[in-house]
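What follows is one structure encoded as structure tokens, with my remarks underneath.
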Amino acid sequence: MMLVAMFTLYCSPPLQIPEDPSSFANKWILEPAVTTDPRYIATSEINWNSMSLVVEHYLSGRSEYQGIGFLNLNDNEINRWQVVIKSHCQHIALHLDHAASNITWKSLYPEWIDEEEKFKVPTCPSLPWIQVPDKSRIDLIIAKLPCNKSGKWSRDVARLHLQLAAARVAASSEGLHDVHVILVSDCFPIPNLFTGQELVARQGNIWLYKPKLHQLRQKLQLPVGSCELSVPLQAKGQ
């Protein structure tokens, strides 16, 4: 036992004491841990050859772009975009707060609601809105969507939330310039927001849309699901 203890002491690395004992505490204070909601993690790999092909062939007016918004993409993917696509406009990382964990697909699309409002007025759960920069014009929105093929990917709250956020950024655009949306997804996007007629091109898991903004704004005024009526029966006035 004494030989083992001496051998362990001999082989152990020397103890290093930093000059500033408070450096570790300052590091944890200044660099808090970042938590990621697993529901929003998109594991799809971006095929940059396909992305470059879509941009080169179908976004001919990108030289006039003032801003590109990135939703649910990490820093490495945004930096890779700048290297591969070589766009000189403003690059904006869009922030979206995650939906509460108690918001489920069943709460958004229940089997039954009180349509006649006998007991209460049915309302939909509140999903956080996307934070759109006030003074920035965004001509292209790129959003990466989760796609859990092992589960019910078509009834995914996070997936729906991200597509709604991308639609709201596009709908907030002012002026007569065109706005395009690129969705990176291995699963089929929701056709209620971006229709097949608005699909400009598809290369693998890259879907390029040119939405009709007037119709998109009308869609976004509707309830997010069947959790409430679009026009309540007891609505006052027009």
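Order determines the names: the first chain of the structure tokens is A, the second B, and so forth; residues in each chain are numbered 1 upward, and ligands are numbered 1 upward as they are shown.
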Exercise for review: Compile the contact shell of stretch 41-50 of chain A as number ranges by chain: residues with an atom at most 6 Å away, counting only C-alpha atoms, same-chain residues fewer than 6 positions apart removed.
Suggested key: A: 145-146, 203
Mind dumping the selected residues with C-alpha atoms as a compact mmCIF listing (two decimals), in the first residue's frame?
```
# COMPACT_ATOMS: atom_id res chain seq x y z
CA LEU A 145 -36.06 22.94 -39.35
CA PRO A 146 -35.94 19.87 -37.10
CA GLN A 203 -32.38 20.68 -54.27
```
Review point. Taking only C-alpha atoms into account, which of A:Cys147, A:Leu216, A:Leu176, A:Leu162 comes nearest A:Thr195?
Key: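 Of all the options, A:Leu216 lies closest to A:Thr195.
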Practice item. Report the distance between atom CA of A:Gln131 and atom CA of A:His95 in Å, rounded to one decimal place. Key: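 One can read the atom CA of A:Gln131 to atom CA of A:His95 distance as 6.0 Å.
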Surrounding residues of A:Asp97 excluding itself and chain neighbours under 3 positions, 12 Å, only C-alpha atoms, as a PDB file with all heavy atoms, in the first residue's frame:
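That gives us selection_14.pdb:
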```pdb
ATOM      1  N   THR A  35     -28.130  27.019 -22.705  1.00  0.00           N
ATOM      2  CA  THR A  35     -28.968  25.825 -22.787  1.00  0.00           C
ATOM      3  C   THR A  35     -29.730  25.834 -24.110  1.00  0.00           C
ATOM      4  O   THR A  35     -30.202  26.871 -24.561  1.00  0.00           O
ATOM      5  CB  THR A  35     -29.961  25.787 -21.622  1.00  0.00           C
ATOM      6  OG1 THR A  35     -30.757  26.982 -21.646  1.00  0.00           O
ATOM      7  CG2 THR A  35     -29.216  25.703 -20.304  1.00  0.00           C
ATOM      8  N   THR A  36     -29.827  24.682 -24.719  1.00  0.00           N
ATOM      9  CA  THR A  36     -30.501  24.535 -25.997  1.00  0.00           C
ATOM     10  C   THR A  36     -31.682  23.601 -25.828  1.00  0.00           C
ATOM     11  O   THR A  36     -31.537  22.509 -25.281  1.00  0.00           O
ATOM     12  CB  THR A  36     -29.538  23.983 -27.062  1.00  0.00           C
ATOM     13  OG1 THR A  36     -28.418  24.850 -27.171  1.00  0.00           O
ATOM     14  CG2 THR A  36     -30.230  23.897 -28.404  1.00  0.00           C
ATOM     15  N   ASP A  37     -32.830  24.032 -26.312  1.00  0.00           N
ATOM     16  CA  ASP A  37     -34.016  23.196 -26.258  1.00  0.00           C
ATOM     17  C   ASP A  37     -33.864  22.088 -27.299  1.00  0.00           C
ATOM     18  O   ASP A  37     -33.729  22.371 -28.498  1.00  0.00           O
ATOM     19  CB  ASP A  37     -35.254  24.050 -26.552  1.00  0.00           C
ATOM     20  CG  ASP A  37     -36.543  23.316 -26.237  1.00  0.00           C
ATOM     21  OD1 ASP A  37     -36.573  22.080 -26.376  1.00  0.00           O
ATOM     22  OD2 ASP A  37     -37.521  23.979 -25.844  1.00  0.00           O
ATOM     23  N   TYR A  40     -35.755  22.025 -30.762  1.00  0.00           N
ATOM     24  CA  TYR A  40     -35.431  22.930 -31.863  1.00  0.00           C
ATOM     25  C   TYR A  40     -34.133  22.554 -32.584  1.00  0.00           C
ATOM     26  O   TYR A  40     -33.743  23.234 -33.533  1.00  0.00           O
ATOM     27  CB  TYR A  40     -35.321  24.362 -31.344  1.00  0.00           C
ATOM     28  CG  TYR A  40     -36.653  24.972 -30.979  1.00  0.00           C
ATOM     29  CD1 TYR A  40     -37.286  24.662 -29.781  1.00  0.00           C
ATOM     30  CD2 TYR A  40     -37.304  25.859 -31.831  1.00  0.00           C
ATOM     31  CE1 TYR A  40     -38.511  25.212 -29.437  1.00  0.00           C
ATOM     32  CE2 TYR A  40     -38.527  26.417 -31.502  1.00  0.00           C
ATOM     33  CZ  TYR A  40     -39.126  26.090 -30.296  1.00  0.00           C
ATOM     34  OH  TYR A  40     -40.341  26.639 -29.964  1.00  0.00           O
ATOM     35  N   LEU A  71     -32.153  31.843 -39.267  1.00  0.00           N
ATOM     36  CA  LEU A  71     -32.978  31.360 -38.163  1.00  0.00           C
ATOM     37  C   LEU A  71     -32.650  29.909 -37.870  1.00  0.00           C
ATOM     38  O   LEU A  71     -32.742  29.049 -38.752  1.00  0.00           O
ATOM     39  CB  LEU A  71     -34.462  31.517 -38.511  1.00  0.00           C
ATOM     40  CG  LEU A  71     -35.486  31.016 -37.488  1.00  0.00           C
ATOM     41  CD1 LEU A  71     -35.332  31.771 -36.168  1.00  0.00           C
ATOM     42  CD2 LEU A  71     -36.906  31.183 -38.013  1.00  0.00           C
ATOM     43  N   ASN A  72     -32.221  29.646 -36.649  1.00  0.00           N
ATOM     44  CA  ASN A  72     -31.906  28.303 -36.168  1.00  0.00           C
ATOM     45  C   ASN A  72     -30.669  27.720 -36.851  1.00  0.00           C
ATOM     46  O   ASN A  72     -30.530  26.500 -36.949  1.00  0.00           O
ATOM     47  CB  ASN A  72     -33.102  27.359 -36.363  1.00  0.00           C
ATOM     48  CG  ASN A  72     -33.128  26.236 -35.340  1.00  0.00           C
ATOM     49  OD1 ASN A  72     -32.747  26.411 -34.194  1.00  0.00           O
ATOM     50  ND2 ASN A  72     -33.584  25.064 -35.756  1.00  0.00           N
ATOM     51  N   LEU A  94     -31.231  35.804 -36.432  1.00  0.00           N
ATOM     52  CA  LEU A  94     -32.530  36.087 -35.835  1.00  0.00           C
ATOM     53  C   LEU A  94     -32.703  35.276 -34.552  1.00  0.00           C
ATOM     54  O   LEU A  94     -32.330  34.097 -34.493  1.00  0.00           O
ATOM     55  CB  LEU A  94     -33.647  35.738 -36.824  1.00  0.00           C
ATOM     56  CG  LEU A  94     -33.609  36.504 -38.152  1.00  0.00           C
ATOM     57  CD1 LEU A  94     -34.600  35.919 -39.138  1.00  0.00           C
ATOM     58  CD2 LEU A  94     -33.887  37.990 -37.931  1.00  0.00           C
ATOM     59  N   ALA A 100     -43.112  27.288 -24.707  1.00  0.00           N
ATOM     60  CA  ALA A 100     -43.185  26.634 -23.405  1.00  0.00           C
ATOM     61  C   ALA A 100     -43.362  25.130 -23.580  1.00  0.00           C
ATOM     62  O   ALA A 100     -43.971  24.662 -24.545  1.00  0.00           O
ATOM     63  CB  ALA A 100     -44.340  27.216 -22.593  1.00  0.00           C
ATOM     64  N   SER A 101     -42.815  24.383 -22.635  1.00  0.00           N
ATOM     65  CA  SER A 101     -42.832  22.925 -22.741  1.00  0.00           C
ATOM     66  C   SER A 101     -44.244  22.346 -22.615  1.00  0.00           C
ATOM     67  O   SER A 101     -44.496  21.220 -23.058  1.00  0.00           O
ATOM     68  CB  SER A 101     -41.923  22.311 -21.675  1.00  0.00           C
ATOM     69  OG  SER A 101     -42.342  22.725 -20.371  1.00  0.00           O
ATOM     70  N   SER A 126     -50.098  30.792 -26.483  1.00  0.00           N
ATOM     71  CA  SER A 126     -49.281  31.858 -27.057  1.00  0.00           C
ATOM     72  C   SER A 126     -47.891  31.330 -27.390  1.00  0.00           C
ATOM     73  O   SER A 126     -47.180  30.823 -26.527  1.00  0.00           O
ATOM     74  CB  SER A 126     -49.174  33.029 -26.072  1.00  0.00           C
ATOM     75  OG  SER A 126     -48.350  34.046 -26.599  1.00  0.00           O
ATOM     76  N   LEU A 127     -47.507  31.442 -28.655  1.00  0.00           N
ATOM     77  CA  LEU A 127     -46.164  31.105 -29.097  1.00  0.00           C
ATOM     78  C   LEU A 127     -45.333  32.382 -29.178  1.00  0.00           C
ATOM     79  O   LEU A 127     -45.811  33.405 -29.671  1.00  0.00           O
ATOM     80  CB  LEU A 127     -46.193  30.427 -30.471  1.00  0.00           C
ATOM     81  CG  LEU A 127     -46.804  29.028 -30.535  1.00  0.00           C
ATOM     82  CD1 LEU A 127     -46.925  28.566 -31.982  1.00  0.00           C
ATOM     83  CD2 LEU A 127     -45.976  28.039 -29.732  1.00  0.00           C
ATOM     84  N   PRO A 128     -44.091  32.368 -28.704  1.00  0.00           N
ATOM     85  CA  PRO A 128     -43.257  33.581 -28.762  1.00  0.00           C
ATOM     86  C   PRO A 128     -43.083  34.063 -30.197  1.00  0.00           C
ATOM     87  O   PRO A 128     -42.919  33.271 -31.121  1.00  0.00           O
ATOM     88  CB  PRO A 128     -41.925  33.115 -28.158  1.00  0.00           C
ATOM     89  CG  PRO A 128     -42.272  31.933 -27.315  1.00  0.00           C
ATOM     90  CD  PRO A 128     -43.414  31.254 -28.019  1.00  0.00           C
ATOM     91  N   TRP A 129     -43.119  35.368 -30.358  1.00  0.00           N
ATOM     92  CA  TRP A 129     -42.943  35.972 -31.671  1.00  0.00           C
ATOM     93  C   TRP A 129     -41.472  36.183 -31.949  1.00  0.00           C
ATOM     94  O   TRP A 129     -40.668  36.392 -31.043  1.00  0.00           O
ATOM     95  CB  TRP A 129     -43.701  37.297 -31.751  1.00  0.00           C
ATOM     96  CG  TRP A 129     -45.174  37.119 -31.970  1.00  0.00           C
ATOM     97  CD1 TRP A 129     -46.058  36.502 -31.134  1.00  0.00           C
ATOM     98  CD2 TRP A 129     -45.937  37.544 -33.085  1.00  0.00           C
ATOM     99  NE1 TRP A 129     -47.323  36.520 -31.655  1.00  0.00           N
ATOM    100  CE2 TRP A 129     -47.284  37.165 -32.861  1.00  0.00           C
ATOM    101  CE3 TRP A 129     -45.632  38.227 -34.250  1.00  0.00           C
ATOM    102  CZ2 TRP A 129     -48.300  37.431 -33.776  1.00  0.00           C
ATOM    103  CZ3 TRP A 129     -46.647  38.497 -35.157  1.00  0.00           C
ATOM    104  CH2 TRP A 129     -47.962  38.097 -34.918  1.00  0.00           C
ATOM    105  N   ILE A 130     -41.132  36.160 -33.227  1.00  0.00           N
ATOM    106  CA  ILE A 130     -39.763  36.383 -33.649  1.00  0.00           C
ATOM    107  C   ILE A 130     -39.401  37.860 -33.464  1.00  0.00           C
ATOM    108  O   ILE A 130     -40.230  38.742 -33.652  1.00  0.00           O
ATOM    109  CB  ILE A 130     -39.578  35.956 -35.128  1.00  0.00           C
ATOM    110  CG1 ILE A 130     -38.126  36.049 -35.565  1.00  0.00           C
ATOM    111  CG2 ILE A 130     -40.463  36.781 -36.044  1.00  0.00           C
ATOM    112  CD1 ILE A 130     -37.260  34.958 -35.055  1.00  0.00           C
ATOM    113  N   GLN A 131     -38.174  38.111 -33.069  1.00  0.00           N
ATOM    114  CA  GLN A 131     -37.681  39.474 -32.919  1.00  0.00           C
ATOM    115  C   GLN A 131     -37.072  39.928 -34.245  1.00  0.00           C
ATOM    116  O   GLN A 131     -35.997  39.473 -34.634  1.00  0.00           O
ATOM    117  CB  GLN A 131     -36.656  39.540 -31.786  1.00  0.00           C
ATOM    118  CG  GLN A 131     -37.214  39.163 -30.421  1.00  0.00           C
ATOM    119  CD  GLN A 131     -36.166  39.235 -29.333  1.00  0.00           C
ATOM    120  OE1 GLN A 131     -35.050  39.681 -29.561  1.00  0.00           O
ATOM    121  NE2 GLN A 131     -36.524  38.788 -28.143  1.00  0.00           N
ATOM    122  N   ALA A 158     -42.160  22.637 -32.306  1.00  0.00           N
ATOM    123  CA  ALA A 158     -40.981  23.448 -32.625  1.00  0.00           C
ATOM    124  C   ALA A 158     -40.859  23.666 -34.130  1.00  0.00           C
ATOM    125  O   ALA A 158     -40.517  24.765 -34.585  1.00  0.00           O
ATOM    126  CB  ALA A 158     -39.725  22.779 -32.073  1.00  0.00           C
ATOM    127  N   HIS A 161     -43.407  26.194 -35.082  1.00  0.00           N
ATOM    128  CA  HIS A 161     -43.031  27.505 -34.556  1.00  0.00           C
ATOM    129  C   HIS A 161     -41.964  28.165 -35.428  1.00  0.00           C
ATOM    130  O   HIS A 161     -42.040  29.366 -35.724  1.00  0.00           O
ATOM    131  CB  HIS A 161     -42.523  27.341 -33.119  1.00  0.00           C
ATOM    132  CG  HIS A 161     -42.326  28.624 -32.404  1.00  0.00           C
ATOM    133  ND1 HIS A 161     -41.518  28.745 -31.294  1.00  0.00           N
ATOM    134  CD2 HIS A 161     -42.811  29.880 -32.644  1.00  0.00           C
ATOM    135  CE1 HIS A 161     -41.532  29.994 -30.878  1.00  0.00           C
ATOM    136  NE2 HIS A 161     -42.304  30.696 -31.688  1.00  0.00           N
ATOM    137  N   LEU A 162     -40.976  27.418 -35.868  1.00  0.00           N
ATOM    138  CA  LEU A 162     -39.914  27.974 -36.704  1.00  0.00           C
ATOM    139  C   LEU A 162     -40.445  28.418 -38.061  1.00  0.00           C
ATOM    140  O   LEU A 162     -40.041  29.461 -38.589  1.00  0.00           O
ATOM    141  CB  LEU A 162     -38.800  26.945 -36.875  1.00  0.00           C
ATOM    142  CG  LEU A 162     -37.927  26.689 -35.646  1.00  0.00           C
ATOM    143  CD1 LEU A 162     -37.078  25.447 -35.839  1.00  0.00           C
ATOM    144  CD2 LEU A 162     -37.045  27.903 -35.355  1.00  0.00           C
ATOM    145  N   ALA A 165     -42.294  31.603 -37.599  1.00  0.00           N
ATOM    146  CA  ALA A 165     -41.352  32.704 -37.398  1.00  0.00           C
ATOM    147  C   ALA A 165     -40.765  33.158 -38.723  1.00  0.00           C
ATOM    148  O   ALA A 165     -40.648  34.376 -38.985  1.00  0.00           O
ATOM    149  CB  ALA A 165     -40.247  32.271 -36.429  1.00  0.00           C
TER     150      ALA A 165
END
```
Practice item. May I ask for the distance between atom CA of A:Ile68 and atom CA of A:Asn148, given in Å to one decimal place? Key: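 Distance between the two atoms: 26.9 Å.
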Review point. When distances are computed from only C-alpha atoms, which of A:Ile206, A:Ile138, A:Val83, A:Ile113 shows the smallest separation from A:Ala171?
Key: A:Ile138
Practice item. Please provide the set of residues having any atom within 9 Å of A:Ser136, restricted to only C-alpha atoms, with same-chain residues fewer than 4 positions apart removed, written as a list in words. Key: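 What passes the distance filter is Gln66, Gly67, Gln90, Ile92 and Val132 of chain A.
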Revision key, fill the gap. For A:Glu77, the closest of A:Val179, A:Val184, A:Leu160, A:Ala166 counting only C-alpha atoms is A:Val184
Review point. How would you write, as a ChimeraX atom specification, the set of residues in stretch 48-211 of chain A that DSSP gives as alpha helix (DSSP H)?
Key: /A:48-58,75-84,105-108,157-171
Requested write-out: N, CA, C and O atoms of the selected residues, as a compact mmCIF listing (two decimals), in the first residue's frame:
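To be explicit, this is the file written out as part-v6.txt:
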```
# COMPACT_ATOMS: atom_id res chain seq x y z
N TRP A 48 -23.73 22.29 -49.28
CA TRP A 48 -23.36 23.63 -49.75
C TRP A 48 -23.26 23.69 -51.27
O TRP A 48 -23.41 24.77 -51.85
N ASN A 49 -23.01 22.58 -51.92
CA ASN A 49 -23.04 22.57 -53.39
C ASN A 49 -24.45 22.81 -53.90
O ASN A 49 -24.67 23.59 -54.84
N SER A 50 -25.43 22.16 -53.26
CA SER A 50 -26.82 22.38 -53.64
C SER A 50 -27.26 23.80 -53.30
O SER A 50 -27.98 24.44 -54.07
N MET A 51 -26.83 24.28 -52.12
CA MET A 51 -27.18 25.65 -51.73
C MET A 51 -26.62 26.66 -52.72
O MET A 51 -27.31 27.60 -53.14
N SER A 52 -25.37 26.47 -53.11
CA SER A 52 -24.75 27.38 -54.08
C SER A 52 -25.46 27.32 -55.42
O SER A 52 -25.66 28.35 -56.08
N LEU A 53 -25.89 26.12 -55.83
CA LEU A 53 -26.61 25.96 -57.10
C LEU A 53 -27.94 26.69 -57.07
O LEU A 53 -28.31 27.38 -58.04
N VAL A 54 -28.68 26.58 -55.96
CA VAL A 54 -29.97 27.27 -55.84
C VAL A 54 -29.78 28.78 -55.88
O VAL A 54 -30.51 29.50 -56.58
N VAL A 55 -28.80 29.27 -55.14
CA VAL A 55 -28.57 30.72 -55.08
C VAL A 55 -28.13 31.26 -56.44
O VAL A 55 -28.61 32.30 -56.89
N GLU A 56 -27.23 30.56 -57.10
CA GLU A 56 -26.70 31.04 -58.37
C GLU A 56 -27.76 31.07 -59.46
O GLU A 56 -27.80 31.98 -60.28
N HIS A 57 -28.64 30.08 -59.49
CA HIS A 57 -29.59 29.94 -60.59
C HIS A 57 -30.93 30.65 -60.36
O HIS A 57 -31.58 31.05 -61.32
N TYR A 58 -31.33 30.79 -59.08
CA TYR A 58 -32.68 31.27 -58.83
C TYR A 58 -32.75 32.58 -58.05
O TYR A 58 -33.83 33.13 -57.89
N ASP A 75 -23.32 29.39 -35.61
CA ASP A 75 -22.32 30.35 -36.10
C ASP A 75 -21.47 29.76 -37.22
O ASP A 75 -21.11 30.46 -38.17
N ASN A 76 -21.13 28.48 -37.11
CA ASN A 76 -20.31 27.85 -38.15
C ASN A 76 -21.03 27.83 -39.49
O ASN A 76 -20.42 28.06 -40.54
N GLU A 77 -22.34 27.57 -39.46
CA GLU A 77 -23.11 27.53 -40.71
C GLU A 77 -23.26 28.92 -41.30
O GLU A 77 -23.20 29.09 -42.53
N ILE A 78 -23.40 29.94 -40.46
CA ILE A 78 -23.49 31.32 -40.96
C ILE A 78 -22.15 31.73 -41.57
O ILE A 78 -22.10 32.36 -42.64
N ASN A 79 -21.05 31.39 -40.92
CA ASN A 79 -19.73 31.71 -41.46
C ASN A 79 -19.49 30.96 -42.77
O ASN A 79 -18.88 31.50 -43.70
N ARG A 80 -19.95 29.72 -42.83
CA ARG A 80 -19.79 28.95 -44.07
C ARG A 80 -20.57 29.57 -45.21
O ARG A 80 -20.12 29.57 -46.37
N TRP A 81 -21.74 30.09 -44.92
CA TRP A 81 -22.54 30.79 -45.94
C TRP A 81 -21.74 31.96 -46.51
O TRP A 81 -21.71 32.16 -47.73
N GLN A 82 -21.10 32.74 -45.65
CA GLN A 82 -20.34 33.89 -46.12
C GLN A 82 -19.17 33.48 -47.00
O GLN A 82 -18.81 34.19 -47.93
N VAL A 83 -18.60 32.31 -46.73
CA VAL A 83 -17.46 31.84 -47.52
C VAL A 83 -17.92 31.26 -48.86
O VAL A 83 -17.35 31.56 -49.91
N VAL A 84 -18.98 30.45 -48.83
CA VAL A 84 -19.43 29.77 -50.05
C VAL A 84 -20.19 30.71 -50.97
O VAL A 84 -19.94 30.77 -52.17
N TRP A 105 -48.97 19.60 -29.39
CA TRP A 105 -49.76 19.62 -30.61
C TRP A 105 -51.25 19.48 -30.30
O TRP A 105 -52.09 20.07 -30.98
N LYS A 106 -51.56 18.73 -29.27
CA LYS A 106 -52.96 18.55 -28.89
C LYS A 106 -53.56 19.84 -28.38
O LYS A 106 -54.76 20.10 -28.58
N SER A 107 -52.76 20.68 -27.71
CA SER A 107 -53.29 21.97 -27.25
C SER A 107 -53.49 22.94 -28.40
O SER A 107 -54.32 23.84 -28.32
N LEU A 108 -52.72 22.79 -29.48
CA LEU A 108 -52.90 23.64 -30.66
C LEU A 108 -53.99 23.12 -31.57
O LEU A 108 -54.71 23.90 -32.20
N VAL A 157 -44.30 20.80 -32.60
CA VAL A 157 -44.56 22.20 -32.21
C VAL A 157 -43.38 23.09 -32.59
O VAL A 157 -43.56 24.18 -33.13
N ALA A 158 -42.16 22.64 -32.31
CA ALA A 158 -40.98 23.45 -32.63
C ALA A 158 -40.86 23.67 -34.13
O ALA A 158 -40.52 24.76 -34.59
N ARG A 159 -41.13 22.65 -34.89
CA ARG A 159 -41.06 22.76 -36.35
C ARG A 159 -42.10 23.77 -36.86
O ARG A 159 -41.80 24.61 -37.72
N LEU A 160 -43.32 23.69 -36.33
CA LEU A 160 -44.36 24.65 -36.70
C LEU A 160 -43.96 26.06 -36.27
O LEU A 160 -44.13 27.02 -37.04
N HIS A 161 -43.41 26.19 -35.08
CA HIS A 161 -43.03 27.50 -34.56
C HIS A 161 -41.96 28.17 -35.43
O HIS A 161 -42.04 29.37 -35.72
N LEU A 162 -40.98 27.42 -35.87
CA LEU A 162 -39.91 27.97 -36.70
C LEU A 162 -40.44 28.42 -38.06
O LEU A 162 -40.04 29.46 -38.59
N GLN A 163 -41.37 27.65 -38.64
CA GLN A 163 -41.93 28.04 -39.93
C GLN A 163 -42.81 29.28 -39.79
O GLN A 163 -42.83 30.15 -40.67
N LEU A 164 -43.55 29.37 -38.70
CA LEU A 164 -44.33 30.59 -38.44
C LEU A 164 -43.41 31.79 -38.29
O LEU A 164 -43.72 32.89 -38.78
N ALA A 165 -42.29 31.60 -37.60
CA ALA A 165 -41.35 32.70 -37.40
C ALA A 165 -40.77 33.16 -38.72
O ALA A 165 -40.65 34.38 -38.98
N ALA A 166 -40.37 32.22 -39.57
CA ALA A 166 -39.84 32.59 -40.89
C ALA A 166 -40.88 33.33 -41.71
O ALA A 166 -40.57 34.31 -42.42
N ALA A 167 -42.13 32.89 -41.63
CA ALA A 167 -43.21 33.55 -42.36
C ALA A 167 -43.43 34.97 -41.84
O ALA A 167 -43.68 35.90 -42.62
N ARG A 168 -43.34 35.16 -40.53
CA ARG A 168 -43.55 36.49 -39.95
C ARG A 168 -42.44 37.46 -40.32
O ARG A 168 -42.67 38.65 -40.53
N VAL A 169 -41.21 36.96 -40.42
CA VAL A 169 -40.12 37.82 -40.86
C VAL A 169 -40.35 38.26 -42.30
O VAL A 169 -40.17 39.42 -42.65
N ALA A 170 -40.77 37.32 -43.15
CA ALA A 170 -41.04 37.66 -44.55
C ALA A 170 -42.21 38.63 -44.66
O ALA A 170 -42.17 39.60 -45.43
N ALA A 171 -43.26 38.39 -43.87
CA ALA A 171 -44.45 39.24 -43.94
C ALA A 171 -44.19 40.64 -43.40
O ALA A 171 -44.92 41.58 -43.74
```
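Take atom CA of A:Val200 and atom CA of A:Tyr65: the distance between them is 18.0 Å.
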Review point. With only C-alpha atoms as the basis for distance, which of A:Glu198, A:Glu115, A:Asp139, A:Asp186 is at the shortest distance from A:Arg62?
Key: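 Going through A:Glu198, A:Glu115, A:Asp139, A:Asp186 one by one, the smallest distance to A:Arg62 is for A:Asp139.
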